[in-house]
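**Student:** This structure is in structure tokens; I'll ask about it shortly.
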Amino acid sequence: MMPGTNLQKLSPEDRFMFYYLSHIKEFGSVSILKLKDKFENLSDILQYSINDLRGLNLLNEIQISNLLNYYENLESVIKEYEYLLKSGIRYITVFDDDYPRKLREIINPPVVLFVKGELPQDDMPTVAIIGSRASTNYGNTVAEYFGECLADEGVGIISGMARGIDGRAHKGALKSVKGKTYAVLGGGVNVVYPRENVQIYDQIIDKERGGIISEMLPGTSAISQNFPMRNRIISGLSDIVLVIEAREQSGSMITVDLALEQGRDVLAVPGRVSDPMSRGCNLLIGNGAKIANSPSDVLELLNLSVKKITTFPEKNYNSLAKKEKIVYSTLDSAPKHLEEIVHQTGLPLRDVMSILLELEMKGFAVQISSNYYGLAV
């Protein structure tokens, strides 16, 4: 059923039919590939009656009904398809030479991909960096740091361009001089979601720093039910899946399950046992996932030689003055309000504000929002 190494070339008509069938509810990759295996010319299905379709024993009643009901939209889909081919959005089927080899090898690969920009080359080492949308300052800093360091070594960074860890991983890769990053969306490739990441989207395309990828039709809104399907592409495009902050039950953990089914290595960045956002990562490590203490751990698993040191720079805690140590001890990875810091230290407000500024300048603290402070990594 799955396309093998000797790929047949799709006719222009069948390329359109893959696009057409992708519009129809209940038609996934498996159904479309079954039909392709049955028909020499996939467009012949358009001539079939309800009894003919039932006789194939390939489609269920809902699929048959949806297919017949969609016939009336054929002309509009043809016009839409012709526009797509001129729009600058690449349309790639699982039978095309430029379809990613890693993705083709998974169970239930998408039969079509829509791409703006580039796809990762088959020989490019790739790492998916995933994690919580409600990430802490610690998680954001770590994701950005790993993204930049790995991209510096020629690793393609794959993620979902969601807020939180995803966006920070892309941002880190884009900080690298020649880093490449690939955003797999839960909506159409021409729909930026969330809007706060529009700068990441624009930089990937305008500066030719990677690509935007989706199996969803252009114009499709990003909705939650699309994300599990999107996640199998994220892991499928990757050699390694790296988890940075995740709750015990989350979309990231679903992606981990998909990655393991696909035979991908999974690494997790450890966090404090008291932090809810690190419980998923700590659970993964407890269940046998490899620990990623630094980008070097990821590069070693990829069998890449490290061109420069990729460990977190050490901060000299002993260099802090006594009152600076007192204020620093109250900080957490989660944001903490100025008034709470004052209460916990027992120091005057003016002194705490001055010390926090000093800690920011020395790289020990960060102001996350107005009057909210957290630990800098």
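Following the order of the structure tokens, first chain is A, next is B, and so on, with residues numbered from 1 inside each chain and ligands from 1 in the order they appear.
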Could you pull the residues within 9 Å of Gly251 (chain A), counting only C-alpha atoms, minus those fewer than 6 positions along the same chain, as a list in words?

**Tutor:**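 Near Gly251 (chain A), the qualifying residues are Gly131, Ser132, Phe227, Pro228 and Asn231 of chain A.
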
**Student:** Determine which residues of region 49-230 of chain A receive a DSSP assignment of strand (DSSP E or B), computed from the backbone, and state them as a PyMOL selection string.

**Tutor:** chain A and resi 90-93+112-117+126-131+156-159+181-184+210-214

**Student:** Can you list every residue in region 103-220 of chain A that DSSP puts in helix (DSSP H, G or I), as a PDB file with N, CA and C atoms, in the first residue's frame?

**Tutor:**
```
ATOM      1  N   LEU A 103       9.571  11.196   6.217  1.00  0.00           N
ATOM      2  CA  LEU A 103       8.124  11.254   6.417  1.00  0.00           C
ATOM      3  C   LEU A 103       7.427  10.140   5.659  1.00  0.00           C
ATOM      4  N   ARG A 104       7.941   9.802   4.485  1.00  0.00           N
ATOM      5  CA  ARG A 104       7.335   8.739   3.687  1.00  0.00           C
ATOM      6  C   ARG A 104       7.397   7.396   4.404  1.00  0.00           C
ATOM      7  N   ASN A 137       9.746  30.978  32.021  1.00  0.00           N
ATOM      8  CA  ASN A 137      10.944  31.662  31.533  1.00  0.00           C
ATOM      9  C   ASN A 137      12.094  30.678  31.364  1.00  0.00           C
ATOM     10  N   TYR A 138      12.215  29.742  32.287  1.00  0.00           N
ATOM     11  CA  TYR A 138      13.245  28.708  32.183  1.00  0.00           C
ATOM     12  C   TYR A 138      13.094  27.927  30.878  1.00  0.00           C
ATOM     13  N   GLY A 139      11.894  27.457  30.604  1.00  0.00           N
ATOM     14  CA  GLY A 139      11.660  26.673  29.392  1.00  0.00           C
ATOM     15  C   GLY A 139      11.911  27.471  28.130  1.00  0.00           C
ATOM     16  N   ASN A 140      11.464  28.722  28.125  1.00  0.00           N
ATOM     17  CA  ASN A 140      11.669  29.573  26.946  1.00  0.00           C
ATOM     18  C   ASN A 140      13.155  29.763  26.656  1.00  0.00           C
ATOM     19  N   THR A 141      13.907  30.035  27.715  1.00  0.00           N
ATOM     20  CA  THR A 141      15.343  30.277  27.547  1.00  0.00           C
ATOM     21  C   THR A 141      16.052  29.019  27.052  1.00  0.00           C
ATOM     22  N   VAL A 142      15.699  27.877  27.631  1.00  0.00           N
ATOM     23  CA  VAL A 142      16.325  26.614  27.234  1.00  0.00           C
ATOM     24  C   VAL A 142      15.979  26.273  25.780  1.00  0.00           C
ATOM     25  N   ALA A 143      14.704  26.441  25.400  1.00  0.00           N
ATOM     26  CA  ALA A 143      14.291  26.126  24.029  1.00  0.00           C
ATOM     27  C   ALA A 143      15.031  26.990  23.018  1.00  0.00           C
ATOM     28  N   GLU A 144      15.146  28.269  23.317  1.00  0.00           N
ATOM     29  CA  GLU A 144      15.833  29.185  22.413  1.00  0.00           C
ATOM     30  C   GLU A 144      17.319  28.837  22.326  1.00  0.00           C
ATOM     31  N   TYR A 145      17.901  28.483  23.455  1.00  0.00           N
ATOM     32  CA  TYR A 145      19.322  28.146  23.487  1.00  0.00           C
ATOM     33  C   TYR A 145      19.602  26.863  22.700  1.00  0.00           C
ATOM     34  N   PHE A 146      18.807  25.820  22.939  1.00  0.00           N
ATOM     35  CA  PHE A 146      18.982  24.568  22.193  1.00  0.00           C
ATOM     36  C   PHE A 146      18.758  24.802  20.698  1.00  0.00           C
ATOM     37  N   GLY A 147      17.717  25.561  20.354  1.00  0.00           N
ATOM     38  CA  GLY A 147      17.435  25.832  18.951  1.00  0.00           C
ATOM     39  C   GLY A 147      18.605  26.491  18.248  1.00  0.00           C
ATOM     40  N   GLU A 148      19.200  27.492  18.909  1.00  0.00           N
ATOM     41  CA  GLU A 148      20.316  28.214  18.301  1.00  0.00           C
ATOM     42  C   GLU A 148      21.557  27.329  18.191  1.00  0.00           C
ATOM     43  N   CYS A 149      21.906  26.627  19.273  1.00  0.00           N
ATOM     44  CA  CYS A 149      23.121  25.817  19.269  1.00  0.00           C
ATOM     45  C   CYS A 149      23.041  24.677  18.258  1.00  0.00           C
ATOM     46  N   LEU A 150      21.913  24.009  18.188  1.00  0.00           N
ATOM     47  CA  LEU A 150      21.763  22.907  17.239  1.00  0.00           C
ATOM     48  C   LEU A 150      21.782  23.418  15.805  1.00  0.00           C
ATOM     49  N   ALA A 151      21.101  24.537  15.567  1.00  0.00           N
ATOM     50  CA  ALA A 151      21.098  25.117  14.220  1.00  0.00           C
ATOM     51  C   ALA A 151      22.502  25.537  13.807  1.00  0.00           C
ATOM     52  N   ASP A 152      23.308  26.006  14.751  1.00  0.00           N
ATOM     53  CA  ASP A 152      24.693  26.372  14.476  1.00  0.00           C
ATOM     54  C   ASP A 152      25.488  25.190  13.921  1.00  0.00           C
ATOM     55  N   ILE A 165       7.132  26.974  23.910  1.00  0.00           N
ATOM     56  CA  ILE A 165       8.370  26.285  23.543  1.00  0.00           C
ATOM     57  C   ILE A 165       8.575  26.233  22.028  1.00  0.00           C
ATOM     58  N   ASP A 166       7.526  25.939  21.276  1.00  0.00           N
ATOM     59  CA  ASP A 166       7.654  25.847  19.810  1.00  0.00           C
ATOM     60  C   ASP A 166       8.227  27.131  19.228  1.00  0.00           C
ATOM     61  N   GLY A 167       7.580  28.241  19.554  1.00  0.00           N
ATOM     62  CA  GLY A 167       8.002  29.510  18.995  1.00  0.00           C
ATOM     63  C   GLY A 167       9.420  29.870  19.403  1.00  0.00           C
ATOM     64  N   ARG A 168       9.788  29.572  20.657  1.00  0.00           N
ATOM     65  CA  ARG A 168      11.130  29.891  21.126  1.00  0.00           C
ATOM     66  C   ARG A 168      12.184  29.030  20.431  1.00  0.00           C
ATOM     67  N   ALA A 169      11.845  27.788  20.122  1.00  0.00           N
ATOM     68  CA  ALA A 169      12.789  26.929  19.402  1.00  0.00           C
ATOM     69  C   ALA A 169      13.048  27.475  17.998  1.00  0.00           C
ATOM     70  N   HIS A 170      11.966  27.885  17.305  1.00  0.00           N
ATOM     71  CA  HIS A 170      12.134  28.511  15.986  1.00  0.00           C
ATOM     72  C   HIS A 170      12.968  29.782  16.099  1.00  0.00           C
ATOM     73  N   LYS A 171      12.657  30.584  17.105  1.00  0.00           N
ATOM     74  CA  LYS A 171      13.359  31.850  17.292  1.00  0.00           C
ATOM     75  C   LYS A 171      14.851  31.620  17.515  1.00  0.00           C
ATOM     76  N   GLY A 172      15.186  30.594  18.298  1.00  0.00           N
ATOM     77  CA  GLY A 172      16.577  30.273  18.535  1.00  0.00           C
ATOM     78  C   GLY A 172      17.294  29.884  17.259  1.00  0.00           C
ATOM     79  N   ALA A 173      16.644  29.049  16.441  1.00  0.00           N
ATOM     80  CA  ALA A 173      17.253  28.637  15.167  1.00  0.00           C
ATOM     81  C   ALA A 173      17.484  29.831  14.262  1.00  0.00           C
ATOM     82  N   LEU A 174      16.566  30.780  14.280  1.00  0.00           N
ATOM     83  CA  LEU A 174      16.697  31.965  13.431  1.00  0.00           C
ATOM     84  C   LEU A 174      17.790  32.909  13.930  1.00  0.00           C
ATOM     85  N   LYS A 175      18.159  32.808  15.211  1.00  0.00           N
ATOM     86  CA  LYS A 175      19.276  33.600  15.734  1.00  0.00           C
ATOM     87  C   LYS A 175      20.611  33.079  15.210  1.00  0.00           C
ATOM     88  N   ARG A 195      -1.048  34.655  15.887  1.00  0.00           N
ATOM     89  CA  ARG A 195      -0.577  35.870  15.233  1.00  0.00           C
ATOM     90  C   ARG A 195       0.681  36.433  15.882  1.00  0.00           C
ATOM     91  N   GLU A 196       0.903  36.109  17.143  1.00  0.00           N
ATOM     92  CA  GLU A 196       2.087  36.630  17.824  1.00  0.00           C
ATOM     93  C   GLU A 196       3.380  36.097  17.205  1.00  0.00           C
ATOM     94  N   ASN A 197       3.280  35.024  16.423  1.00  0.00           N
ATOM     95  CA  ASN A 197       4.465  34.448  15.790  1.00  0.00           C
ATOM     96  C   ASN A 197       4.594  34.837  14.325  1.00  0.00           C
ATOM     97  N   VAL A 198       3.920  35.906  13.922  1.00  0.00           N
ATOM     98  CA  VAL A 198       3.989  36.324  12.522  1.00  0.00           C
ATOM     99  C   VAL A 198       5.409  36.698  12.118  1.00  0.00           C
ATOM    100  N   GLN A 199       6.181  37.239  13.049  1.00  0.00           N
ATOM    101  CA  GLN A 199       7.562  37.618  12.723  1.00  0.00           C
ATOM    102  C   GLN A 199       8.402  36.377  12.418  1.00  0.00           C
ATOM    103  N   ILE A 200       8.176  35.301  13.155  1.00  0.00           N
ATOM    104  CA  ILE A 200       8.873  34.040  12.885  1.00  0.00           C
ATOM    105  C   ILE A 200       8.488  33.529  11.503  1.00  0.00           C
ATOM    106  N   TYR A 201       7.203  33.533  11.216  1.00  0.00           N
ATOM    107  CA  TYR A 201       6.693  33.086   9.920  1.00  0.00           C
ATOM    108  C   TYR A 201       7.337  33.885   8.788  1.00  0.00           C
ATOM    109  N   ASP A 202       7.318  35.200   8.916  1.00  0.00           N
ATOM    110  CA  ASP A 202       7.862  36.064   7.859  1.00  0.00           C
ATOM    111  C   ASP A 202       9.362  35.862   7.689  1.00  0.00           C
ATOM    112  N   GLN A 203      10.061  35.693   8.788  1.00  0.00           N
ATOM    113  CA  GLN A 203      11.515  35.534   8.704  1.00  0.00           C
ATOM    114  C   GLN A 203      11.884  34.216   8.024  1.00  0.00           C
ATOM    115  N   ILE A 204      11.151  33.165   8.327  1.00  0.00           N
ATOM    116  CA  ILE A 204      11.413  31.869   7.679  1.00  0.00           C
ATOM    117  C   ILE A 204      11.274  31.994   6.166  1.00  0.00           C
ATOM    118  N   ILE A 205      10.229  32.687   5.718  1.00  0.00           N
ATOM    119  CA  ILE A 205       9.965  32.796   4.277  1.00  0.00           C
ATOM    120  C   ILE A 205      10.831  33.870   3.637  1.00  0.00           C
ATOM    121  N   ASP A 206      10.785  35.073   4.161  1.00  0.00           N
ATOM    122  CA  ASP A 206      11.448  36.213   3.505  1.00  0.00           C
ATOM    123  C   ASP A 206      12.964  36.075   3.482  1.00  0.00           C
TER     124      ASP A 206
END
```

**Student:** Just the residues within 10 Å of region 55-65 of chain A, please, counting only C-alpha atoms, with nothing from its chain fewer than 5 positions along; format it as a list in words.

**Tutor:**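 Selected residues are Ile24, Lys25, Glu26, Phe27, Ser31, Ile32, Lys34, Leu35, Lys38, Ser49, Ile50 and Tyr70 of chain A.
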
**Student:** Any idea what's packed within 12 Å of Arg90 (chain A), counting only C-alpha atoms, ignoring anything in its chain fewer than 6 positions away? Could you give it as number ranges by chain?

**Tutor:** A: 81, 83-84, 96, 98-99, 112-119, 189-190, 211-215, 217-218

**Student:** How would the residues just chosen look if you wrote them out with N, CA and C atoms as a tab-separated table (two decimals), in the first residue's frame?

**Tutor:**
```tsv
chain	number	residue	atom	x	y	z
A	81	TYR	N	-7.56	24.70	-7.64
A	81	TYR	CA	-6.31	23.99	-7.89
A	81	TYR	C	-5.43	24.76	-8.88
A	83	TYR	N	-5.44	27.92	-9.40
A	83	TYR	CA	-4.93	29.10	-8.69
A	83	TYR	C	-3.78	28.72	-7.77
A	84	LEU	N	-3.92	27.59	-7.08
A	84	LEU	CA	-2.89	27.12	-6.16
A	84	LEU	C	-1.56	26.95	-6.89
A	96	ASP	N	5.93	12.00	-5.10
A	96	ASP	CA	6.89	12.91	-5.74
A	96	ASP	C	8.29	12.72	-5.18
A	98	ASP	N	10.49	14.90	-4.39
A	98	ASP	CA	10.90	15.83	-3.34
A	98	ASP	C	10.09	15.67	-2.05
A	99	TYR	N	9.25	14.65	-1.97
A	99	TYR	CA	8.57	14.35	-0.71
A	99	TYR	C	9.61	13.83	0.28
A	112	VAL	N	-0.57	14.33	0.77
A	112	VAL	CA	-0.21	15.60	0.15
A	112	VAL	C	0.40	16.52	1.19
A	113	LEU	N	1.31	17.36	0.74
A	113	LEU	CA	1.87	18.41	1.58
A	113	LEU	C	1.78	19.72	0.82
A	114	PHE	N	1.54	20.78	1.58
A	114	PHE	CA	1.59	22.14	1.04
A	114	PHE	C	2.75	22.84	1.72
A	115	VAL	N	3.58	23.50	0.94
A	115	VAL	CA	4.83	24.04	1.46
A	115	VAL	C	5.06	25.46	0.96
A	116	LYS	N	5.41	26.33	1.88
A	116	LYS	CA	5.96	27.65	1.53
A	116	LYS	C	7.42	27.64	1.96
A	117	GLY	N	8.30	27.99	1.05
A	117	GLY	CA	9.72	27.92	1.36
A	117	GLY	C	10.28	26.56	1.04
A	118	GLU	N	11.13	26.04	1.93
A	118	GLU	CA	11.86	24.81	1.68
A	118	GLU	C	11.32	23.65	2.51
A	119	LEU	N	11.66	22.45	2.08
A	119	LEU	CA	11.55	21.25	2.90
A	119	LEU	C	12.95	20.87	3.37
A	189	VAL	N	-0.95	26.64	5.17
A	189	VAL	CA	0.37	27.29	5.22
A	189	VAL	C	0.28	28.80	5.01
A	190	ASN	N	-0.86	29.28	4.55
A	190	ASN	CA	-1.04	30.73	4.37
A	190	ASN	C	-1.84	31.35	5.51
A	211	GLY	N	11.13	26.48	6.08
A	211	GLY	CA	9.86	26.35	5.38
A	211	GLY	C	8.67	26.24	6.32
A	212	ILE	N	7.50	26.48	5.75
A	212	ILE	CA	6.21	26.32	6.42
A	212	ILE	C	5.51	25.14	5.75
A	213	ILE	N	5.05	24.17	6.54
A	213	ILE	CA	4.57	22.90	6.01
A	213	ILE	C	3.22	22.55	6.63
A	214	SER	N	2.32	21.99	5.81
A	214	SER	CA	1.04	21.51	6.33
A	214	SER	C	0.43	20.52	5.35
A	215	GLU	N	-0.35	19.59	5.89
A	215	GLU	CA	-1.16	18.74	5.01
A	215	GLU	C	-2.57	19.30	4.86
A	217	LEU	N	-5.43	21.93	3.72
A	217	LEU	CA	-5.62	22.76	2.54
A	217	LEU	C	-5.34	24.23	2.86
A	218	PRO	N	-4.75	24.96	1.94
A	218	PRO	CA	-4.54	26.39	2.16
A	218	PRO	C	-5.86	27.07	2.55
```

**Student:** So that I can check the surroundings of Ile291 (chain A), please list as a ChimeraX atom specification every protein, DNA and RNA residue that reaches within 7 Å of it, counting only C-alpha atoms and ignoring chain neighbours fewer than 6 positions away.

**Tutor:** /A:267-270,285

**Student:** Keeping only N, CA, C and O atoms, take the residues you just selected and write them out as a compact mmCIF listing (two decimals), in the first residue's frame.

**Tutor:**
```txt
# COMPACT_ATOMS: atom_id res chain seq x y z
N LEU A 267 14.47 12.59 23.68
CA LEU A 267 15.24 13.16 24.77
C LEU A 267 14.38 14.15 25.53
O LEU A 267 13.46 14.74 24.95
N ALA A 268 14.69 14.36 26.78
CA ALA A 268 13.94 15.32 27.59
C ALA A 268 14.90 16.15 28.42
O ALA A 268 15.91 15.65 28.92
N VAL A 269 14.59 17.43 28.56
CA VAL A 269 15.35 18.33 29.42
C VAL A 269 14.76 18.23 30.82
O VAL A 269 13.56 18.46 31.01
N PRO A 270 15.55 17.89 31.83
CA PRO A 270 15.01 17.75 33.18
C PRO A 270 14.63 19.10 33.78
O PRO A 270 15.14 20.14 33.40
N ILE A 285 12.00 10.85 31.58
CA ILE A 285 13.34 10.42 31.99
C ILE A 285 13.25 9.21 32.92
O ILE A 285 14.02 8.25 32.81
```

**Student:** For Asp14 (chain A), which residue among A:Tyr71, A:Phe95, A:Gly28, A:His337 is the nearest when counting only C-alpha atoms?

**Tutor:** A:Phe95
